[in-house]
Amino acid sequence: MRFPLALAVKIARHIIKHKILRTPRFALVLQLEPLHTCNLTCTGCGRIREYSTSLKDMMTLEDCLSSAQECGAPMVSICGGEPLIYTKIEELVAGLLAQGRIVYICTNGMFMRKKLKDYLASIYSPGIEPTIARLLSEKLISDKDAAIIRKGKHDGHPAIKPSKWLYWNVHIDGLEYTHDLIVEREGVFKECVEAVRMAKLLGYQVATNTTVYKETDVKEIEQMFQFFSSLEVDGHTISPGYDYDAAKKDMATRLGRKPEDFFLTRAMTIQKFAKIQEWGERFTIFGTPVYQEFLAGKRELTCTAWAIPTRNVKGWKAPCYLMTEGHYPRYQEMLDQVDWNKYGVVNGVARDPRCENCMVHCGYDPSGALGTNYQRGDNWKNIRYNFAARPKPYAAGRQVNAFNGVSVGKGHLAEAKAAINPGLAGSKSAFQNNGHNDAASGACGSGDTSQRDDLLAKVRAAKKV
Ligand code: SF4
Ligand code: SF4
């Protein structure tokens, strides 16, 4: 099965229960952002810019847990910011699992091995020496790490343990060169790969989380799936990035510039995702086949942003993960007070101009599961996709030239800086924050695509020269 049976049953029961109760709107996945602080400053990240004035704020553990209870979503995606910086992340994961939820930890991977070592320390006994020896031989831990693990864990926090209800969801936007460029730090891709390998070796479930941008090379995304499939990851989430900045729309109207000059339009998304269904057959892509058909431009769906609500330090973010019209203190209050008929695209017409080009998973993936725009056979299609045998790991993926950046000695961030602005000082960010600090920017792995698009386009152009 693509998604474990118990988890699929849990989600199906939740949907059926609300269908029977005729609940008009309900949550399927909670995007929980306990904090917006991050150890990285990725090009174009909306979260660290939109919430730049509250980066030091954190939700309390009690708030986090009660938010999950309040909306009742069977799945919780803990994101941010970088959730592994959250001081009570272990308690949060344990609390959500105790509530019976499926938990995704959406991480940039940089602190993941630390948490895995913590786990090993928490269960240390001479019986795990063979595991330690294997990790040492594969250079996933150092001798110093092994010595610390052998001392056991005494910090009073629980550890994040492997569970069939838990996934590490690691942010990867390309192979080494591209990924490190986007996250603006060399070595991040390599660290992610090591964290994924170590987590798999310890029995955790791991998924990758990828956003496709205007300049994303789809061949590279396919190679990325091949490579991570060879590491036996348990699944992949993939979504189009999207910048709906109304100002750009305005530029198109007033200055006559074409929208495709500066953001990912629906047509471009469809082009990029033309092979999504084929990928779904070859790799364990999470999400419904109905959503995949939508991404491939084969059908319409109606936005159900209320099904993937975002809760953060300011409250329940409305109307969606990308757009901010306001924050509400309660989920039900948000459901009741937002005029949901103002958003999305219906029969090809955008109800809100900012929604026109949006096809992101947080608006439309639940639509595929909830049966909006239902077509005969959709339920069977969804069931068959999930219950079909999981695609086998792609062993040949080990041959992919995944380490094509810093590992082969390219100082590619310097190259990127030079491509963008030859005059930039070496210590500056590869992409300068140009004051584009609006609420239209998206989140970790989604949202404002223009900065990344520009960056990748300029670097490619400079390389050609
Ligand atoms: S269509 Fe996209 S931008 Fe518009 S409300 Fe839905 S998720 Fe948000
Ligand atoms: S995109 Fe994610 S990892 Fe990157 S700076 Fe933003 S929150 Fe951090």
# chains A, B, ... in the order shown; residues from 1 in each chain; ligands from 1
>>> residues_near_ligand(ligand="ligand 2", cutoff="6 Å", atoms="only C-alpha atoms and all ligand atoms", output="list of chain:residue names")
A:Cys38, A:Leu40, A:Thr41, A:Cys42, A:Cys45, A:Arg47, A:Ile48, A:Gly80, A:Gly81, A:Glu82, A:Asn108, A:Val183, A:Cys444, A:Gly445
>>> write_last_selection(atoms="all heavy atoms", output="mmCIF file, in the first residue's frame")
data_model
loop_
_atom_site.group_PDB
_atom_site.id
_atom_site.type_symbol
_atom_site.label_atom_id
_atom_site.label_comp_id
_atom_site.auth_asym_id
_atom_site.auth_seq_id
_atom_site.Cartn_x
_atom_site.Cartn_y
_atom_site.Cartn_z
ATOM 1 N N CYS A 38 13.726 30.193 12.282
ATOM 2 C CA CYS A 38 14.359 29.162 11.474
ATOM 3 C C CYS A 38 15.873 29.341 11.509
ATOM 4 O O CYS A 38 16.370 30.451 11.671
ATOM 5 C CB CYS A 38 13.847 29.218 10.040
ATOM 6 S SG CYS A 38 14.361 27.772 9.100
ATOM 7 N N LEU A 40 17.609 28.585 8.883
ATOM 8 C CA LEU A 40 17.977 28.929 7.511
ATOM 9 C C LEU A 40 17.258 30.203 7.096
ATOM 10 O O LEU A 40 16.305 30.643 7.768
ATOM 11 C CB LEU A 40 17.603 27.789 6.554
ATOM 12 C CG LEU A 40 18.320 26.450 6.764
ATOM 13 C CD1 LEU A 40 17.835 25.417 5.752
ATOM 14 C CD2 LEU A 40 19.831 26.601 6.652
ATOM 15 N N THR A 41 17.693 30.768 6.009
ATOM 16 C CA THR A 41 17.008 31.951 5.459
ATOM 17 C C THR A 41 16.824 31.701 3.959
ATOM 18 O O THR A 41 17.464 32.333 3.141
ATOM 19 C CB THR A 41 17.837 33.233 5.664
ATOM 20 O OG1 THR A 41 19.160 32.979 5.164
ATOM 21 C CG2 THR A 41 17.900 33.657 7.096
ATOM 22 N N CYS A 42 15.986 30.766 3.640
ATOM 23 C CA CYS A 42 15.862 30.343 2.242
ATOM 24 C C CYS A 42 15.366 31.486 1.363
ATOM 25 O O CYS A 42 14.556 32.314 1.785
ATOM 26 C CB CYS A 42 14.885 29.192 2.113
ATOM 27 S SG CYS A 42 15.355 27.762 3.075
ATOM 28 N N CYS A 45 11.542 32.584 1.178
ATOM 29 C CA CYS A 45 10.669 32.023 2.223
ATOM 30 C C CYS A 45 9.714 33.099 2.725
ATOM 31 O O CYS A 45 10.136 34.149 3.197
ATOM 32 C CB CYS A 45 11.481 31.485 3.397
ATOM 33 S SG CYS A 45 10.435 31.084 4.810
ATOM 34 N N ARG A 47 7.459 32.689 5.245
ATOM 35 C CA ARG A 47 7.178 32.656 6.674
ATOM 36 C C ARG A 47 8.118 33.555 7.473
ATOM 37 O O ARG A 47 7.686 34.360 8.289
ATOM 38 C CB ARG A 47 7.278 31.223 7.210
ATOM 39 C CG ARG A 47 6.013 30.411 6.963
ATOM 40 C CD ARG A 47 4.796 31.154 7.474
ATOM 41 N NE ARG A 47 3.607 30.315 7.479
ATOM 42 C CZ ARG A 47 2.690 30.314 6.537
ATOM 43 N NH1 ARG A 47 2.807 31.088 5.485
ATOM 44 N NH2 ARG A 47 1.622 29.553 6.645
ATOM 45 N N ILE A 48 9.425 33.407 7.229
ATOM 46 C CA ILE A 48 10.346 34.172 8.062
ATOM 47 C C ILE A 48 10.245 35.658 7.737
ATOM 48 O O ILE A 48 10.743 36.489 8.481
ATOM 49 C CB ILE A 48 11.803 33.676 7.939
ATOM 50 C CG1 ILE A 48 12.293 33.697 6.486
ATOM 51 C CG2 ILE A 48 11.963 32.294 8.531
ATOM 52 C CD1 ILE A 48 13.793 33.422 6.354
ATOM 53 N N GLY A 80 6.701 25.375 10.329
ATOM 54 C CA GLY A 80 7.191 26.598 10.975
ATOM 55 C C GLY A 80 7.500 27.641 9.937
ATOM 56 O O GLY A 80 6.779 27.759 8.954
ATOM 57 N N GLY A 81 8.687 28.231 10.089
ATOM 58 C CA GLY A 81 9.880 27.996 10.896
ATOM 59 C C GLY A 81 10.398 26.552 10.831
ATOM 60 O O GLY A 81 9.934 25.751 10.056
ATOM 61 N N GLU A 82 11.398 26.345 11.641
ATOM 62 C CA GLU A 82 11.962 24.997 11.762
ATOM 63 C C GLU A 82 11.444 24.395 13.064
ATOM 64 O O GLU A 82 11.832 24.828 14.160
ATOM 65 C CB GLU A 82 13.495 25.084 11.747
ATOM 66 C CG GLU A 82 14.197 23.790 12.106
ATOM 67 C CD GLU A 82 13.702 22.577 11.334
ATOM 68 O OE1 GLU A 82 13.627 22.616 10.097
ATOM 69 O OE2 GLU A 82 13.373 21.560 11.997
ATOM 70 N N ASN A 108 13.739 21.135 7.762
ATOM 71 C CA ASN A 108 14.772 21.347 6.744
ATOM 72 C C ASN A 108 15.932 20.362 6.932
ATOM 73 O O ASN A 108 16.895 20.400 6.181
ATOM 74 C CB ASN A 108 15.268 22.795 6.739
ATOM 75 C CG ASN A 108 15.861 23.232 8.068
ATOM 76 O OD1 ASN A 108 16.575 22.485 8.717
ATOM 77 N ND2 ASN A 108 15.576 24.475 8.469
ATOM 78 N N VAL A 183 18.279 27.093 -0.442
ATOM 79 C CA VAL A 183 18.292 27.296 1.012
ATOM 80 C C VAL A 183 19.451 28.201 1.444
ATOM 81 O O VAL A 183 19.605 28.511 2.614
ATOM 82 C CB VAL A 183 18.330 25.965 1.804
ATOM 83 C CG1 VAL A 183 17.140 25.099 1.455
ATOM 84 C CG2 VAL A 183 19.624 25.223 1.588
ATOM 85 N N CYS A 444 7.120 27.796 4.281
ATOM 86 C CA CYS A 444 8.216 26.882 4.046
ATOM 87 C C CYS A 444 7.842 25.977 2.886
ATOM 88 O O CYS A 444 6.913 25.207 2.962
ATOM 89 C CB CYS A 444 8.445 26.055 5.300
ATOM 90 S SG CYS A 444 9.967 25.130 5.266
ATOM 91 N N GLY A 445 8.589 26.109 1.809
ATOM 92 C CA GLY A 445 8.315 25.250 0.675
ATOM 93 C C GLY A 445 7.122 25.665 -0.167
ATOM 94 O O GLY A 445 6.652 24.910 -0.989
#
>>> closest_atom_pairs(of="chain A", to="ligand 1", cutoff="6 Å", atoms="only C-alpha atoms and all ligand atoms", output="JSON lines")
{"residue": "A:Cys303", "atom": "CA", "partner": "ligand 1", "partner_atom_place_in_ligand_line": "6 (Fe)", "distance": 4.8}
{"residue": "A:Ala305", "atom": "CA", "partner": "ligand 1", "partner_atom_place_in_ligand_line": "7 (S)", "distance": 5.2}
{"residue": "A:Pro319", "atom": "CA", "partner": "ligand 1", "partner_atom_place_in_ligand_line": "5 (S)", "distance": 5.8}
{"residue": "A:Cys320", "atom": "CA", "partner": "ligand 1", "partner_atom_place_in_ligand_line": "8 (Fe)", "distance": 4.7}
{"residue": "A:Leu322", "atom": "CA", "partner": "ligand 1", "partner_atom_place_in_ligand_line": "8 (Fe)", "distance": 5.7}
{"residue": "A:Met323", "atom": "CA", "partner": "ligand 1", "partner_atom_place_in_ligand_line": "8 (Fe)", "distance": 5.7}
{"residue": "A:Tyr343", "atom": "CA", "partner": "ligand 1", "partner_atom_place_in_ligand_line": "5 (S)", "distance": 4.8}
{"residue": "A:Gly344", "atom": "CA", "partner": "ligand 1", "partner_atom_place_in_ligand_line": "1 (S)", "distance": 3.8}
{"residue": "A:Cys355", "atom": "CA", "partner": "ligand 1", "partner_atom_place_in_ligand_line": "4 (Fe)", "distance": 3.8}
{"residue": "A:Cys358", "atom": "CA", "partner": "ligand 1", "partner_atom_place_in_ligand_line": "2 (Fe)", "distance": 4.6}
{"residue": "A:Cys362", "atom": "CA", "partner": "ligand 1", "partner_atom_place_in_ligand_line": "7 (S)", "distance": 5.8}
{"residue": "A:Gly363", "atom": "CA", "partner": "ligand 1", "partner_atom_place_in_ligand_line": "7 (S)", "distance": 3.6}
>>> write_last_selection(atoms="N, CA and C atoms", output="mmCIF file, in the first residue's frame")
data_model
loop_
_atom_site.group_PDB
_atom_site.id
_atom_site.type_symbol
_atom_site.label_atom_id
_atom_site.label_comp_id
_atom_site.auth_asym_id
_atom_site.auth_seq_id
_atom_site.Cartn_x
_atom_site.Cartn_y
_atom_site.Cartn_z
ATOM 1 N N CYS A 303 -11.384 24.864 -4.440
ATOM 2 C CA CYS A 303 -10.506 25.010 -3.271
ATOM 3 C C CYS A 303 -11.241 24.670 -1.967
ATOM 4 N N ALA A 305 -9.672 25.186 1.233
ATOM 5 C CA ALA A 305 -8.584 25.621 2.127
ATOM 6 C C ALA A 305 -8.936 25.392 3.599
ATOM 7 N N PRO A 319 -7.501 33.232 4.783
ATOM 8 C CA PRO A 319 -8.289 32.015 4.538
ATOM 9 C C PRO A 319 -7.450 30.764 4.328
ATOM 10 N N CYS A 320 -6.124 30.917 4.141
ATOM 11 C CA CYS A 320 -5.370 29.710 3.804
ATOM 12 C C CYS A 320 -3.911 29.869 4.200
ATOM 13 N N LEU A 322 -1.440 30.260 2.394
ATOM 14 C CA LEU A 322 -0.710 31.250 1.603
ATOM 15 C C LEU A 322 -1.141 32.681 1.870
ATOM 16 N N MET A 323 -2.432 32.879 1.913
ATOM 17 C CA MET A 323 -2.980 34.236 1.980
ATOM 18 C C MET A 323 -3.348 34.581 3.417
ATOM 19 N N TYR A 343 -13.363 32.597 -2.378
ATOM 20 C CA TYR A 343 -12.027 32.118 -2.763
ATOM 21 C C TYR A 343 -12.084 30.936 -3.728
ATOM 22 N N GLY A 344 -10.963 30.706 -4.359
ATOM 23 C CA GLY A 344 -10.827 29.563 -5.270
ATOM 24 C C GLY A 344 -11.200 29.936 -6.692
ATOM 25 N N CYS A 355 -6.450 34.111 -6.326
ATOM 26 C CA CYS A 355 -6.552 32.646 -6.394
ATOM 27 C C CYS A 355 -6.350 32.130 -7.817
ATOM 28 N N CYS A 358 -3.547 29.654 -8.456
ATOM 29 C CA CYS A 358 -3.182 28.754 -7.359
ATOM 30 C C CYS A 358 -3.671 27.326 -7.610
ATOM 31 N N CYS A 362 -2.394 22.663 -0.371
ATOM 32 C CA CYS A 362 -3.181 23.011 0.817
ATOM 33 C C CYS A 362 -4.549 23.582 0.450
ATOM 34 N N GLY A 363 -4.746 23.904 -0.814
ATOM 35 C CA GLY A 363 -6.077 24.343 -1.243
ATOM 36 C C GLY A 363 -6.839 23.222 -1.933
#
>>> select_by_dssp(residues="segment 48-212 of chain A", states="strand (DSSP E)", output="ChimeraX atom specification")
/A:75-78,102-107,166-171,205-212
>>> residues_around(residues="segment 1-7 of chain A", least_positions_apart="2", cutoff="10 Å", atoms="only C-alpha atoms", output="list in words")
Val9, Lys10, Ile11, Ala12, Arg13, Pro74, Met75, Arg101, Ile102, Lys164, Trp165, Asp234, Gly235, Gly280, Phe283, Thr284, Ile285, Phe286, Gly287, Arg384, Tyr385, Asn386, Phe387, Ala388, Ala389, Arg390 and Pro391 of chain A
>>> residues_around(residues="Ser66 of chain A", least_positions_apart="3", cutoff="12 Å", atoms="only C-alpha atoms", output="VMD selection string")
chain A and resid 30 32 59 to 63 69 to 73 92 95 to 96 99 311 330 to 331
>>> write_last_selection(atoms="C-alpha atoms", output="CSV table (one decimal), in the first residue's frame")
chain,number,residue,atom,x,y,z
A,30,LEU,CA,-3.7,20.8,10.7
A,32,LEU,CA,0.7,23.7,13.0
A,59,MET,CA,3.0,28.8,20.9
A,60,THR,CA,2.8,27.1,24.2
A,61,LEU,CA,2.7,23.3,24.2
A,62,GLU,CA,-0.8,23.5,25.7
A,63,ASP,CA,-2.0,25.8,22.8
A,69,GLN,CA,-8.1,18.9,19.6
A,70,GLU,CA,-10.1,22.0,18.6
A,71,CYS,CA,-10.1,21.3,14.9
A,72,GLY,CA,-10.0,17.5,15.2
A,73,ALA,CA,-7.9,16.9,12.2
A,92,LEU,CA,4.4,18.0,21.2
A,95,GLY,CA,1.2,14.6,22.9
A,96,LEU,CA,-0.2,14.5,19.3
A,99,GLN,CA,-4.2,12.1,20.9
A,311,ARG,CA,-2.6,27.6,13.3
A,330,ARG,CA,-10.8,29.8,17.3
A,331,TYR,CA,-11.1,27.4,14.4
>>> residues_around(residues="segment 147-159 of chain A", least_positions_apart="5", cutoff="7 Å", atoms="only C-alpha atoms", output="VMD selection string")
chain A and resid 90 to 91 117 to 122 124
>>> write_last_selection(atoms="all heavy atoms", output="JSON list (two decimals), in the first residue's frame")
[["chain", "number", "residue", "atom", "x", "y", "z"],
["A", 90, "GLU", "N", 9.61, 17.45, 21.36],
["A", 90, "GLU", "CA", 9.43, 16.04, 21.74],
["A", 90, "GLU", "C", 8.09, 15.84, 22.43],
["A", 90, "GLU", "O", 7.34, 14.91, 22.15],
["A", 90, "GLU", "CB", 10.56, 15.56, 22.66],
["A", 90, "GLU", "CG", 11.92, 15.44, 21.99],
["A", 90, "GLU", "CD", 12.73, 16.73, 21.99],
["A", 90, "GLU", "OE1", 12.21, 17.77, 22.44],
["A", 90, "GLU", "OE2", 13.90, 16.68, 21.55],
["A", 91, "GLU", "N", 7.79, 16.78, 23.36],
["A", 91, "GLU", "CA", 6.53, 16.67, 24.09],
["A", 91, "GLU", "C", 5.35, 16.88, 23.14],
["A", 91, "GLU", "O", 4.30, 16.25, 23.29],
["A", 91, "GLU", "CB", 6.46, 17.73, 25.21],
["A", 91, "GLU", "CG", 7.39, 17.47, 26.38],
["A", 91, "GLU", "CD", 8.84, 17.94, 26.16],
["A", 91, "GLU", "OE1", 9.18, 18.33, 25.03],
["A", 91, "GLU", "OE2", 9.61, 17.92, 27.15],
["A", 117, "LYS", "N", 20.00, 10.95, 17.33],
["A", 117, "LYS", "CA", 21.00, 10.52, 18.31],
["A", 117, "LYS", "C", 20.40, 10.55, 19.72],
["A", 117, "LYS", "O", 20.66, 9.67, 20.54],
["A", 117, "LYS", "CB", 22.25, 11.42, 18.22],
["A", 117, "LYS", "CG", 23.08, 11.14, 16.97],
["A", 117, "LYS", "CD", 24.30, 12.02, 16.87],
["A", 117, "LYS", "CE", 24.14, 13.16, 15.94],
["A", 117, "LYS", "NZ", 25.24, 14.04, 15.75],
["A", 118, "ASP", "N", 19.57, 11.55, 19.95],
["A", 118, "ASP", "CA", 18.87, 11.65, 21.24],
["A", 118, "ASP", "C", 18.03, 10.40, 21.49],
["A", 118, "ASP", "O", 17.97, 9.88, 22.60],
["A", 118, "ASP", "CB", 17.88, 12.83, 21.19],
["A", 118, "ASP", "CG", 18.49, 14.08, 21.78],
["A", 118, "ASP", "OD1", 19.69, 14.06, 22.07],
["A", 118, "ASP", "OD2", 17.74, 15.06, 21.93],
["A", 119, "TYR", "N", 17.35, 10.00, 20.43],
["A", 119, "TYR", "CA", 16.51, 8.80, 20.54],
["A", 119, "TYR", "C", 17.37, 7.59, 20.92],
["A", 119, "TYR", "O", 17.03, 6.82, 21.82],
["A", 119, "TYR", "CB", 15.76, 8.56, 19.23],
["A", 119, "TYR", "CG", 15.27, 7.14, 19.07],
["A", 119, "TYR", "CD1", 14.32, 6.61, 19.95],
["A", 119, "TYR", "CD2", 15.78, 6.32, 18.07],
["A", 119, "TYR", "CE1", 13.89, 5.30, 19.82],
["A", 119, "TYR", "CE2", 15.36, 5.01, 17.94],
["A", 119, "TYR", "CZ", 14.42, 4.50, 18.82],
["A", 119, "TYR", "OH", 14.01, 3.20, 18.70],
["A", 120, "LEU", "N", 18.53, 7.46, 20.22],
["A", 120, "LEU", "CA", 19.40, 6.32, 20.51],
["A", 120, "LEU", "C", 19.88, 6.36, 21.96],
["A", 120, "LEU", "O", 19.94, 5.34, 22.64],
["A", 120, "LEU", "CB", 20.61, 6.33, 19.56],
["A", 120, "LEU", "CG", 20.33, 5.80, 18.15],
["A", 120, "LEU", "CD1", 21.54, 6.02, 17.27],
["A", 120, "LEU", "CD2", 19.97, 4.32, 18.19],
["A", 121, "ALA", "N", 20.21, 7.57, 22.41],
["A", 121, "ALA", "CA", 20.66, 7.70, 23.80],
["A", 121, "ALA", "C", 19.54, 7.27, 24.76],
["A", 121, "ALA", "O", 19.79, 6.63, 25.79],
["A", 121, "ALA", "CB", 21.10, 9.13, 24.08],
["A", 122, "SER", "N", 18.31, 7.60, 24.39],
["A", 122, "SER", "CA", 17.18, 7.30, 25.29],
["A", 122, "SER", "C", 16.93, 5.80, 25.40],
["A", 122, "SER", "O", 16.33, 5.35, 26.37],
["A", 122, "SER", "CB", 15.91, 8.01, 24.82],
["A", 122, "SER", "OG", 15.34, 7.34, 23.72],
["A", 124, "TYR", "N", 19.48, 3.55, 24.96],
["A", 124, "TYR", "CA", 20.78, 2.87, 24.95],
["A", 124, "TYR", "C", 20.84, 1.66, 25.90],
["A", 124, "TYR", "O", 20.42, 1.72, 27.06],
["A", 124, "TYR", "CB", 21.95, 3.81, 25.31],
["A", 124, "TYR", "CG", 23.23, 3.01, 25.23],
["A", 124, "TYR", "CD1", 23.74, 2.69, 23.99],
["A", 124, "TYR", "CD2", 23.82, 2.48, 26.37],
["A", 124, "TYR", "CE1", 24.86, 1.86, 23.88],
["A", 124, "TYR", "CE2", 24.93, 1.66, 26.27],
["A", 124, "TYR", "CZ", 25.44, 1.35, 25.02],
["A", 124, "TYR", "OH", 26.52, 0.52, 24.91]]
>>> select_by_dssp(residues="segment 219-430 of chain A", states="alpha helix (DSSP H)", output="MDAnalysis selection string")
chainID A and resid 219:230 246:255 266:272 276:282 289:295 331:337 361:370 378:387 412:420
>>> atom_distance(atom1="atom CA of Gly109 of chain A", atom2="atom CA of Lys200 of chain A")
13.6 Å
>>> residues_around(residues="segment 267-269 of chain A", least_positions_apart="5", cutoff="9 Å", atoms="only C-alpha atoms", output="list of chain:residue names")
A:Val212, A:Tyr213, A:Lys214, A:Pro240, A:Gly241, A:Glu260, A:Ala274, A:Leu295, A:Ala296, A:Gly297, A:Asn357, A:Cys358, A:Met359
>>> atom_distance(atom1="atom CA of Val313 of chain A", atom2="atom CA of Thr53 of chain A")
11.4 Å
>>> atom_distance(atom1="atom CA of Asn382 of chain A", atom2="atom CA of Thr288 of chain A")
5.9 Å
>>> closest_residue(among="A:Thr107, A:Pro130, A:Phe227, A:Ile141", to="Glu176 of chain A", atoms="only C-alpha atoms")
A:Phe227
>>> closest_residue(among="A:Trp380, A:Trp316, A:Tyr374, A:Phe403", to="Cys192 of chain A", atoms="only C-alpha atoms")
A:Phe403
